[in-house]
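Everything below concerns the one structure shown next.
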Amino acid sequence: LSLTVVVIVGTFFFFIELHQKSPLLPLDLMRIPIFSLSIITSICSFSAQMLAMVSLPFFFQDTLGYNEVLTGMLLTSWPLTTLFAAPLAGVLSDKIHPGILGSIGMGAFFIGLISLSFIDTSTQAITIVPRLMLCGFGFGFFQTPNNGTIISSAPSKRSGGASGMLGMARLLGQTTGTTMVALLLGMIISPERGAVTCLLVGAGFALLAAVISSLRLSQPSTLKKK
């Protein structure tokens, strides 16, 4: 019943917004091919990120028996690597098409998530760090050129609307990923299998993002300097 109400109200809302001169949700920007593809890849990437980041603490503590301090130290390697990968991708985006950078980033993210799904009680903690770093590198390498493409592909006078769509894509992806973790962990009795399933589903989202990102190669880059 709730889903039905959401669909009906959402459809009505979208129809109204499409005919507004100053829409709250600028859906008309989705008519720009590279913009819409970048928004979709952003949603998929954040869904994959939250599927991993929310499920991994449960996996590390409940299945592997790590304490809170070790769990936190392991997970810190992910954002630290992102911190270095994002500026590098920003520099390269002036010369390389964001579709290529995005596909490379999400491809690395996919491999990292797949490698994390093979962790078990016999896995040493030190070997987990490179897998998390690969995820962080892939996510950071993707996000910078993708976000830049979203903003730069919209008309300059619509930059505010493009920024709002960027935020919406991020929150929609995060909400989707977090909700799926709750559903999967609730449906699967074994904590270990539940976490592994979350990682595999996240890998699926990352792979989908890589494929969609590659479709942007048919459009000229809006980030390359003339």
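Here's how to read the names in the structure tokens: chain A, B, ... by the order shown, residue numbers from 1 in each chain, ligand numbers from 1 in the order shown.
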
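For A:Tyr66, the list of residues within 12 Å, based on only C-alpha atoms and with local chain neighbours fewer than 4 positions off taken out, reads Leu56, Pro57, Phe58, Phe59, Phe60, Gln61, Asp62, Leu70, Thr71, Gly72, Met73, Leu74, Leu75, Thr121, Thr123, Gln124 and Ala125 of chain A.
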
query = So which residues touch A:Thr176 within 10 Å, counting only C-alpha atoms, skipping near sequence neighbours fewer than 6 positions away, as a list in words?
reply = Ile43, Cys44, Phe46, Ser47, Ala48, Met50, Leu51 and Arg170 of chain A

For the residues in that selection, give me N, CA and C atoms as a short mmCIF file (atom, residue, chain, number, x, y, z; two decimals), in the first residue's frame.
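Below is the file that was written, part.cif:
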data_model
loop_
_atom_site.label_atom_id
_atom_site.label_comp_id
_atom_site.auth_asym_id
_atom_site.auth_seq_id
_atom_site.Cartn_x
_atom_site.Cartn_y
_atom_site.Cartn_z
N ILE A 43 24.05 7.48 -8.61
CA ILE A 43 23.11 6.73 -7.76
C ILE A 43 23.63 5.31 -7.54
N CYS A 44 24.08 4.67 -8.61
CA CYS A 44 24.59 3.29 -8.51
C CYS A 44 25.84 3.22 -7.64
N PHE A 46 26.85 5.27 -5.18
CA PHE A 46 26.58 5.48 -3.76
C PHE A 46 25.79 4.32 -3.16
N SER A 47 24.97 3.68 -3.96
CA SER A 47 24.29 2.48 -3.49
C SER A 47 25.31 1.39 -3.16
N ALA A 48 26.28 1.21 -4.06
CA ALA A 48 27.32 0.21 -3.84
C ALA A 48 28.15 0.55 -2.60
N MET A 50 27.30 2.28 0.12
CA MET A 50 26.59 2.08 1.38
C MET A 50 26.33 0.60 1.65
N LEU A 51 26.13 -0.18 0.60
CA LEU A 51 25.97 -1.62 0.80
C LEU A 51 27.21 -2.21 1.45
N ARG A 170 23.10 11.57 -4.75
CA ARG A 170 23.90 11.04 -3.65
C ARG A 170 23.01 10.47 -2.54
#

key: Distance criterion (only C-alpha atoms): nearest to A:Pro145 out of A:Ile119, A:Leu132, A:Leu92, A:Ile111   = A:Leu92

request  = Find the distance between atom CA of A:Asp120 and atom CA of A:Cys198 and write it in Å to one decimal.
outcome  =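 Between atom CA of A:Asp120 and atom CA of A:Cys198 the gap is 14.9 Å.
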
key: Selection near A:Ile114, 7 Å with only C-alpha atoms, sequence-local residues under 4 positions removed, as a VMD selection string   = chain A and resid 110 200 203

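Around A:Ser218, within 10 Å and counting only C-alpha atoms, the residues found are Pro33, Ile34, Gly99, Ser214, Leu215, Arg216, Pro220 and Ser221 of chain A, once anything fewer than 2 positions away on its own chain is removed.
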
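Among the candidate residues A:Phe141, A:Thr76, A:Ile151, A:Met165, the one lying nearest to A:Asp28 is A:Met165, with distances computed using only C-alpha atoms.
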
ask   = For A:Leu207, which residue out of A:Ala52, A:Leu3, A:Ile39, A:Met106 is the nearest one, using only C-alpha atoms?
value = A:Met106
